[in-house]
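Below: one structure, written as structure tokens.
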Amino acid sequence: MKTFIATLMTIGAIASGFWSFAASPAHALVEIDVNKGTIEPLPIAITDFQGDALGKEISGIVEADLKRSGLFAPIDHGAFIEKISNPDVAPRFDDWKVINAQALVTGRVRQEADGRIRAEYRLWDTFAGQQLSGEQFFSNNANKRRIGHIIADAIYERLTGEKGYFDTRVVFIDESGPKDSRKKRLAIMDQDGANIRYLSNGSSIVLTPRFSPNRQEITYMSYEGGQPRVYLLQIETGQRELVGNFPGMTFAPRFSPDGQKVIMSLLRDDGNSNIFAMDLRSRSTTRLTNSSAIDTSPSYSPDGSQIVFTSDRGGGSGRSQIYVMGADGSNPQRISFGEGVYSTPVWSPRGDLIAFTKQAAGQFQIGVMRTDGSGERILSTGFQQEGPTWAPNGRVLMFFRDVPGSGGPKLFSIDLTGRNEQPIPTPNFASDPAWSPLLE
């Protein structure tokens with residue numbers, strides 16, 4: 001399905017005199033170096049967009065997205081000196097410098113005669129005194145929130161040099177009802193918890209949904225009929241297709257980067273759990289591991305050339321560690337050697353890190369390591385937390401945690417610094433999140 005948002009044009013210079021001022025080499029353009037060890041959030045002023053309630057709503061989404069990233073510190077509106085009445089006119093930069101707004105966002109939203117929403121924004125470097133970027137978009141009313149996310153992504157990319165992750169969705173398991181008879185439904189939402197939509201009715205248990213690289217399809221496991229079955233679901237149409245019955249499944253499938261295969265862990269007649277790949281066109285399966293150990297939780301590298309998985313083949317009861325092998329099952333190599341039990345490894349979409357769950361010293365930890373196992377870092381420690389999933393830019397993880405006293409799991413996100421943990425609001429308990437690629 002094509003995007004509901006259309007970029008009309010890039011908004012350029014306002015006046016030649018303004019640009020001659022902005023060209024002064026005495027000021028450096030504002031930017032955020034996301035590769036620094038410690039990142040101070042950038043003070044940014046995000047004004048209410050012109051357009052009454054709708055303009056304020058969309059600029060509020062932009063502000064919330066940027067703040068939640070941990071890289072930006074939006075300035076309280078009460079500190080603003082200048083009131084922006086016309087976003088087409090250059091702001092009074094001195095009024096913004098005095099409150100230390102290093103970047104400024106202005107904009108306008110209005111309804112077109114044909115019913116569409118037209119939104120535009122401008123990003124300003126207040127200290128250099130120039131416009132950094134500006135675009136305008138059209139959308140139908142049903143997708144107005146996406147405009148805010150797209151604008152936030154554009155600002156994020158302009159100031160960090162990396163893709164944003166705000167115009168994305170998360171599929172997860174919505175859990176409701178008493179603990180001994182919990183109803184589990186497949187659900188999808190925007191990455192900030194808005195626009196929740198249910199994809200199953202809760203009549204059977206569903207588990208571990210995973211996005212396809214084509215963005216509009218997910219795979220998940222269902223116990224419909226009392227047996228574990230794997231389905232493909234078209235998100236927009238609701239069309240569902242049975243992949244197969246897998247009585248010995250020990251972990252739900254993940255897609256290959258090209259979307260043509262799924263990889264999974266299956267328990268076969270020999271009593272061992274091994275890793276298999278299934279071609280979705282022919283439905284043929286290929287066995288990739290053949291050991292007497294428990295091999296599970298496979299995940300492809302973003303280029304499809306390697307697979308990360310966990311195995312207890314190294315010895316020690318239940319002491320699973322992380323291994324990497326070729327996509328054809330060749331040359332498996334152990335990469336983790338820490339104390340504790342490793343599980344749910346997931347390769348970063350950037351290709352540089354592997355996220356994992358670790359149980360050690362009575363605690364559950366979410367961490368990352370390089371693809372050779374070096375540089376292990378624990379980002380979050382808590383009670384029964386697991387299941388990391390990557391944002392498409394490889395800078396943020398989402399996972400679920402049983403919060404003591406709450407009665408069930410909730411979703412959280414954390415960035416790679418480990419200092420910006422955020423709860424993700426959901427109406428009920430929630431588990432098994434999977435982050436989509438950027439929408440189109």
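Going by the structure tokens order, chains are called A, B, ..., each with residues numbered from 1, while ligands are numbered from 1 in the order shown.
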
* To do: Determine, counting only C-alpha atoms, which protein, DNA and RNA residues have an atom within 8 Å of an atom of Arg281 (chain A); residues of the same chain fewer than 2 positions away are not included. Present the result as an MDAnalysis selection string.
  => chainID A and resid 260 279 283

Closest atom pairs, residues of region 231-257 of chain A within 7 Å of region 197-217 of chain A, only C-alpha atoms, as a Markdown table:
| residue | atom | partner | partner_atom | distance |
| --- | --- | --- | --- | --- |
| A:Leu232 | CA | A:Glu217 | CA | 6.7 |
| A:Leu233 | CA | A:Glu217 | CA | 5.5 |
| A:Gln234 | CA | A:Glu217 | CA | 4.6 |
| A:Ile235 | CA | A:Gln216 | CA | 5.5 |
| A:Glu236 | CA | A:Gln216 | CA | 6.9 |
| A:Ala252 | CA | A:Thr208 | CA | 6.1 |
| A:Arg254 | CA | A:Arg210 | CA | 6.1 |
| A:Phe255 | CA | A:Ser212 | CA | 5.8 |
| A:Pro257 | CA | A:Pro213 | CA | 6.1 |

* Between A:Val346, A:Ile44, A:Ala434, A:Val262, which is the closest to Ile99 (chain A) once you count only C-alpha atoms? -> A:Ile44

Proximity of region 327-363 of chain A to region 378-387 of chain A: per-residue shortest pair, 10 Å limit, only C-alpha atoms, as a tab-separated table:
residue	atom	partner	partner_atom	distance
A:Ser343	CA	A:Glu386	CA	8.5
A:Thr344	CA	A:Gly387	CA	6.1
A:Pro345	CA	A:Gly387	CA	8.5
A:Val346	CA	A:Gly387	CA	8.9
A:Ala355	CA	A:Gly387	CA	9.3
A:Phe356	CA	A:Gly387	CA	7.6
A:Thr357	CA	A:Glu386	CA	5.5
A:Lys358	CA	A:Glu386	CA	8.1
A:Gln359	CA	A:Gln384	CA	9.0
A:Ala360	CA	A:Thr381	CA	9.8
A:Gly362	CA	A:Phe383	CA	8.7
A:Gln363	CA	A:Gly382	CA	6.1

* Asked: Which of region 115-344 of chain A counts as strand (DSSP E or B) under DSSP, as a PyMOL selection string please?
  -> chain A and resi 117-125+130-139+169-176+183-190+197-198+206-211+217-222+229-234+240-245+249-255+261-267+273-279+285-287+294-300+306-311+321-326+333-334+341-344

Store the residues of this selection in a file with C-alpha atoms, as a JSON list (two decimals), in the first residue's frame.
[["chain", "number", "residue", "atom", "x", "y", "z"],
["A", 117, "ILE", "CA", -4.74, 18.40, 5.11],
["A", 118, "ARG", "CA", -1.75, 20.48, 4.05],
["A", 119, "ALA", "CA", 1.09, 20.80, 6.57],
["A", 120, "GLU", "CA", 4.41, 22.57, 6.29],
["A", 121, "TYR", "CA", 7.32, 23.15, 8.62],
["A", 122, "ARG", "CA", 10.60, 25.06, 8.70],
["A", 123, "LEU", "CA", 13.66, 24.16, 10.76],
["A", 124, "TRP", "CA", 15.93, 27.06, 11.73],
["A", 125, "ASP", "CA", 19.44, 27.25, 13.15],
["A", 130, "GLN", "CA", 19.47, 30.35, 8.68],
["A", 131, "GLN", "CA", 16.86, 27.87, 7.59],
["A", 132, "LEU", "CA", 18.13, 24.30, 7.65],
["A", 133, "SER", "CA", 15.19, 22.56, 6.01],
["A", 134, "GLY", "CA", 11.55, 22.95, 5.12],
["A", 135, "GLU", "CA", 8.91, 20.77, 3.49],
["A", 136, "GLN", "CA", 5.18, 20.53, 3.06],
["A", 137, "PHE", "CA", 2.94, 17.49, 2.96],
["A", 138, "PHE", "CA", -0.59, 16.50, 2.04],
["A", 139, "SER", "CA", -2.61, 13.88, 3.91],
["A", 169, "ARG", "CA", 4.44, 0.88, 13.79],
["A", 170, "VAL", "CA", 4.80, -1.87, 16.37],
["A", 171, "VAL", "CA", 2.94, -5.16, 16.36],
["A", 172, "PHE", "CA", 2.56, -6.84, 19.75],
["A", 173, "ILE", "CA", 0.42, -9.13, 21.90],
["A", 174, "ASP", "CA", -2.33, -7.34, 23.82],
["A", 175, "GLU", "CA", -3.08, -9.21, 27.06],
["A", 176, "SER", "CA", -6.24, -8.69, 29.10],
["A", 183, "LYS", "CA", -6.94, -13.22, 26.61],
["A", 184, "LYS", "CA", -4.20, -12.59, 24.04],
["A", 185, "ARG", "CA", -4.89, -10.61, 20.89],
["A", 186, "LEU", "CA", -2.64, -9.61, 18.04],
["A", 187, "ALA", "CA", -2.47, -5.80, 17.95],
["A", 188, "ILE", "CA", -0.70, -3.03, 16.06],
["A", 189, "MET", "CA", -0.05, 0.61, 16.99],
["A", 190, "ASP", "CA", 2.08, 3.62, 16.15],
["A", 197, "ARG", "CA", -5.87, -1.68, 16.15],
["A", 198, "TYR", "CA", -6.61, -5.33, 16.91],
["A", 206, "VAL", "CA", -1.29, -15.89, 19.59],
["A", 207, "LEU", "CA", 2.43, -15.40, 20.13],
["A", 208, "THR", "CA", 5.58, -13.73, 18.77],
["A", 209, "PRO", "CA", 4.47, -11.64, 15.77],
["A", 210, "ARG", "CA", 7.26, -10.54, 13.43],
["A", 211, "PHE", "CA", 7.28, -7.99, 10.59],
["A", 217, "GLU", "CA", 2.90, -8.54, 6.27],
["A", 218, "ILE", "CA", 3.57, -10.24, 9.58],
["A", 219, "THR", "CA", 4.16, -13.80, 10.63],
["A", 220, "TYR", "CA", 2.96, -15.10, 13.98],
["A", 221, "MET", "CA", 2.22, -18.29, 15.85],
["A", 222, "SER", "CA", -1.30, -19.29, 16.85],
["A", 229, "ARG", "CA", 0.38, -23.06, 13.54],
["A", 230, "VAL", "CA", 2.29, -20.33, 11.74],
["A", 231, "TYR", "CA", 0.36, -17.76, 9.74],
["A", 232, "LEU", "CA", 1.14, -14.90, 7.39],
["A", 233, "LEU", "CA", -1.18, -11.94, 7.80],
["A", 234, "GLN", "CA", -1.61, -9.01, 5.43],
["A", 240, "ARG", "CA", -4.45, -14.66, 6.36],
["A", 241, "GLU", "CA", -2.47, -17.58, 4.99],
["A", 242, "LEU", "CA", -1.42, -20.75, 6.79],
["A", 243, "VAL", "CA", 2.31, -21.41, 6.47],
["A", 244, "GLY", "CA", 2.16, -24.78, 8.19],
["A", 245, "ASN", "CA", 1.54, -26.86, 11.30],
["A", 249, "MET", "CA", 8.01, -25.57, 17.27],
["A", 250, "THR", "CA", 10.16, -24.07, 20.00],
["A", 251, "PHE", "CA", 10.40, -20.53, 18.64],
["A", 252, "ALA", "CA", 8.32, -18.56, 16.16],
["A", 253, "PRO", "CA", 9.66, -17.68, 12.71],
["A", 254, "ARG", "CA", 11.48, -14.55, 11.59],
["A", 255, "PHE", "CA", 11.68, -13.35, 8.01],
["A", 261, "LYS", "CA", 12.07, -17.18, 3.72],
["A", 262, "VAL", "CA", 11.28, -17.65, 7.37],
["A", 263, "ILE", "CA", 13.68, -19.18, 9.84],
["A", 264, "MET", "CA", 12.57, -21.08, 12.92],
["A", 265, "SER", "CA", 13.53, -23.59, 15.57],
["A", 266, "LEU", "CA", 11.78, -26.97, 15.41],
["A", 267, "LEU", "CA", 11.81, -30.01, 17.68],
["A", 273, "SER", "CA", 15.74, -28.61, 18.71],
["A", 274, "ASN", "CA", 17.37, -27.45, 15.50],
["A", 275, "ILE", "CA", 17.10, -24.50, 13.14],
["A", 276, "PHE", "CA", 15.27, -24.73, 9.82],
["A", 277, "ALA", "CA", 14.61, -22.28, 7.00],
["A", 278, "MET", "CA", 11.40, -22.42, 4.97],
["A", 279, "ASP", "CA", 11.04, -21.06, 1.45],
["A", 285, "THR", "CA", 12.28, -26.59, 4.54],
["A", 286, "THR", "CA", 16.04, -26.81, 4.88],
["A", 287, "ARG", "CA", 17.71, -27.97, 8.06],
["A", 294, "ILE", "CA", 19.06, -27.06, 21.88],
["A", 295, "ASP", "CA", 19.49, -24.57, 19.03],
["A", 296, "THR", "CA", 16.86, -21.84, 19.01],
["A", 297, "SER", "CA", 15.96, -18.13, 18.55],
["A", 298, "PRO", "CA", 17.46, -17.60, 15.06],
["A", 299, "SER", "CA", 17.67, -14.14, 13.48],
["A", 300, "TYR", "CA", 19.18, -13.10, 10.13],
["A", 306, "GLN", "CA", 24.57, -14.82, 8.54],
["A", 307, "ILE", "CA", 22.31, -16.07, 11.30],
["A", 308, "VAL", "CA", 22.60, -15.47, 15.02],
["A", 309, "PHE", "CA", 21.06, -18.02, 17.39],
["A", 310, "THR", "CA", 21.37, -19.46, 20.88],
["A", 311, "SER", "CA", 22.57, -22.92, 21.79],
["A", 321, "GLN", "CA", 25.10, -18.86, 24.67],
["A", 322, "ILE", "CA", 25.00, -16.84, 21.45],
["A", 323, "TYR", "CA", 26.39, -18.25, 18.19],
["A", 324, "VAL", "CA", 26.74, -16.91, 14.65],
["A", 325, "MET", "CA", 26.80, -19.06, 11.51],
["A", 326, "GLY", "CA", 26.48, -18.67, 7.76],
["A", 333, "GLN", "CA", 31.01, -19.77, 16.05],
["A", 334, "ARG", "CA", 30.29, -18.98, 19.67],
["A", 341, "VAL", "CA", 21.96, -17.51, 30.16],
["A", 342, "TYR", "CA", 21.55, -15.70, 26.84],
["A", 343, "SER", "CA", 18.37, -15.73, 24.73],
["A", 344, "THR", "CA", 16.39, -13.90, 22.00]]

* To do: Just the residues within 7 Å of Phe412 (chain A), please, counting only C-alpha atoms, with nothing from its chain fewer than 6 positions along; format it as JSON, numbers by chain.
  => {"A": [398, 399, 400, 421, 422, 423, 424]}

Can you write out the residues you just picked, keeping N, CA and C atoms, as a CSV table (one decimal), in the first residue's frame?
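And here is the file that came out, selection20.csv:
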chain,number,residue,atom,x,y,z
A,398,MET,N,13.0,-1.8,21.8
A,398,MET,CA,11.7,-1.9,22.6
A,398,MET,C,11.7,-3.4,23.1
A,399,PHE,N,11.2,-3.5,24.3
A,399,PHE,CA,11.1,-4.8,25.0
A,399,PHE,C,9.9,-4.9,25.9
A,400,PHE,N,9.7,-6.0,26.5
A,400,PHE,CA,8.6,-6.0,27.5
A,400,PHE,C,9.1,-6.5,28.9
A,421,GLU,N,15.3,5.4,29.1
A,421,GLU,CA,14.2,4.3,29.1
A,421,GLU,C,12.9,5.0,29.2
A,422,GLN,N,11.9,4.6,28.3
A,422,GLN,CA,10.6,5.2,28.3
A,422,GLN,C,9.5,4.1,28.3
A,423,PRO,N,8.5,4.3,29.1
A,423,PRO,CA,7.3,3.4,29.0
A,423,PRO,C,6.5,3.7,27.7
A,424,ILE,N,6.0,2.6,27.1
A,424,ILE,CA,5.1,2.8,25.9
A,424,ILE,C,3.7,2.5,26.4

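We find CA of Asp372 (chain A) and CA of Pro302 (chain A) to be spaced 15.3 Å apart.
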
* Enumerate, as an MDAnalysis selection string, the complete set of residues in region 20-173 of chain A that a backbone-based DSSP assignment places in helix (DSSP H, G or I). => chainID A and resid 20:22 52:68 77:79 93:97 141:160

For N, CA and C atoms, I'd like the residues from the last selection saved as a short mmCIF file (atom, residue, chain, number, x, y, z; two decimals), in the first residue's frame.
data_model
loop_
_atom_site.label_atom_id
_atom_site.label_comp_id
_atom_site.auth_asym_id
_atom_site.auth_seq_id
_atom_site.Cartn_x
_atom_site.Cartn_y
_atom_site.Cartn_z
N SER A 20 21.63 36.09 2.38
CA SER A 20 22.97 36.68 2.43
C SER A 20 23.45 36.77 3.87
N PHE A 21 22.51 37.01 4.79
CA PHE A 21 22.88 37.01 6.20
C PHE A 21 23.24 35.60 6.67
N ALA A 22 22.43 34.62 6.21
CA ALA A 22 22.64 33.25 6.68
C ALA A 22 23.94 32.65 6.17
N ASP A 52 -4.82 26.59 14.38
CA ASP A 52 -5.69 26.32 15.54
C ASP A 52 -5.40 24.95 16.13
N ALA A 53 -6.47 24.20 16.46
CA ALA A 53 -6.30 22.95 17.21
C ALA A 53 -5.52 21.91 16.42
N LEU A 54 -5.76 21.81 15.11
CA LEU A 54 -5.07 20.80 14.30
C LEU A 54 -3.58 21.11 14.21
N GLY A 55 -3.24 22.38 14.01
CA GLY A 55 -1.82 22.75 13.97
C GLY A 55 -1.12 22.45 15.28
N LYS A 56 -1.79 22.75 16.39
CA LYS A 56 -1.20 22.49 17.70
C LYS A 56 -1.05 21.00 17.94
N GLU A 57 -2.02 20.21 17.46
CA GLU A 57 -1.94 18.76 17.64
C GLU A 57 -0.73 18.18 16.90
N ILE A 58 -0.53 18.59 15.67
CA ILE A 58 0.56 18.04 14.88
C ILE A 58 1.92 18.49 15.42
N SER A 59 2.06 19.78 15.78
CA SER A 59 3.33 20.21 16.37
C SER A 59 3.58 19.53 17.71
N GLY A 60 2.50 19.20 18.43
CA GLY A 60 2.66 18.46 19.69
C GLY A 60 3.20 17.06 19.47
N ILE A 61 2.79 16.41 18.37
CA ILE A 61 3.32 15.09 18.04
C ILE A 61 4.81 15.19 17.71
N VAL A 62 5.18 16.22 16.94
CA VAL A 62 6.60 16.43 16.62
C VAL A 62 7.40 16.61 17.90
N GLU A 63 6.91 17.44 18.80
CA GLU A 63 7.64 17.71 20.04
C GLU A 63 7.77 16.46 20.89
N ALA A 64 6.69 15.69 21.02
CA ALA A 64 6.73 14.47 21.83
C ALA A 64 7.70 13.45 21.25
N ASP A 65 7.70 13.29 19.92
CA ASP A 65 8.63 12.34 19.29
C ASP A 65 10.08 12.72 19.58
N LEU A 66 10.42 13.97 19.34
CA LEU A 66 11.81 14.40 19.52
C LEU A 66 12.24 14.30 20.97
N LYS A 67 11.37 14.67 21.88
CA LYS A 67 11.71 14.58 23.30
C LYS A 67 11.94 13.14 23.72
N ARG A 68 11.08 12.23 23.25
CA ARG A 68 11.18 10.83 23.65
C ARG A 68 12.47 10.19 23.15
N HIS A 77 7.12 26.34 26.39
CA HIS A 77 6.53 27.41 25.58
C HIS A 77 6.40 28.71 26.36
N GLY A 78 6.31 28.61 27.68
CA GLY A 78 6.21 29.81 28.48
C GLY A 78 7.44 30.69 28.42
N ALA A 79 8.57 30.14 27.97
CA ALA A 79 9.80 30.92 27.88
C ALA A 79 9.92 31.66 26.55
N PHE A 93 15.89 36.02 15.42
CA PHE A 93 16.82 35.03 15.96
C PHE A 93 17.32 35.40 17.36
N ASP A 94 17.51 36.69 17.63
CA ASP A 94 18.00 37.09 18.95
C ASP A 94 17.03 36.67 20.05
N ASP A 95 15.72 36.71 19.76
CA ASP A 95 14.72 36.31 20.76
C ASP A 95 14.84 34.83 21.11
N TRP A 96 15.31 34.04 20.19
CA TRP A 96 15.44 32.59 20.42
C TRP A 96 16.80 32.25 20.99
N LYS A 97 17.82 33.02 20.61
CA LYS A 97 19.15 32.77 21.18
C LYS A 97 19.18 33.07 22.67
N ASN A 141 -7.47 13.09 6.40
CA ASN A 141 -7.67 13.33 7.84
C ASN A 141 -7.36 12.11 8.68
N ALA A 142 -7.60 10.92 8.13
CA ALA A 142 -7.39 9.69 8.90
C ALA A 142 -5.92 9.47 9.22
N ASN A 143 -5.02 10.11 8.48
CA ASN A 143 -3.60 9.89 8.67
C ASN A 143 -2.85 11.14 9.13
N LYS A 144 -3.58 12.04 9.77
CA LYS A 144 -2.97 13.31 10.15
C LYS A 144 -1.83 13.13 11.15
N ARG A 145 -1.90 12.11 12.02
CA ARG A 145 -0.83 11.91 12.99
C ARG A 145 0.48 11.55 12.30
N ARG A 146 0.38 10.90 11.15
CA ARG A 146 1.60 10.52 10.44
C ARG A 146 2.38 11.75 9.98
N ILE A 147 1.67 12.85 9.71
CA ILE A 147 2.39 14.06 9.30
C ILE A 147 3.35 14.48 10.40
N GLY A 148 2.86 14.47 11.66
CA GLY A 148 3.74 14.83 12.77
C GLY A 148 4.94 13.92 12.87
N HIS A 149 4.73 12.61 12.70
CA HIS A 149 5.85 11.67 12.77
C HIS A 149 6.84 11.89 11.63
N ILE A 150 6.34 12.16 10.44
CA ILE A 150 7.22 12.38 9.28
C ILE A 150 8.04 13.65 9.45
N ILE A 151 7.41 14.70 9.96
CA ILE A 151 8.14 15.94 10.22
C ILE A 151 9.22 15.70 11.28
N ALA A 152 8.87 14.96 12.34
CA ALA A 152 9.86 14.65 13.38
C ALA A 152 11.03 13.86 12.80
N ASP A 153 10.74 12.92 11.91
CA ASP A 153 11.81 12.15 11.25
C ASP A 153 12.71 13.06 10.43
N ALA A 154 12.11 14.01 9.72
CA ALA A 154 12.90 14.92 8.87
C ALA A 154 13.82 15.78 9.73
N ILE A 155 13.31 16.28 10.85
CA ILE A 155 14.12 17.10 11.76
C ILE A 155 15.23 16.26 12.38
N TYR A 156 14.88 15.07 12.81
CA TYR A 156 15.87 14.15 13.41
C TYR A 156 17.00 13.89 12.42
N GLU A 157 16.64 13.59 11.17
CA GLU A 157 17.67 13.27 10.18
C GLU A 157 18.53 14.49 9.85
N ARG A 158 17.91 15.66 9.76
CA ARG A 158 18.69 16.86 9.42
C ARG A 158 19.69 17.21 10.51
N LEU A 159 19.33 16.97 11.77
CA LEU A 159 20.19 17.38 12.88
C LEU A 159 21.13 16.28 13.37
N THR A 160 20.86 15.03 13.01
CA THR A 160 21.75 13.94 13.44
C THR A 160 22.48 13.29 12.29
#

* Figure out the distance between CA of Phe364 (chain A) and CA of Gly418 (chain A), please, to one decimal in Å. =>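 So the two atoms, CA of Gly418 (chain A) and CA of Phe364 (chain A), lie 14.8 Å apart.
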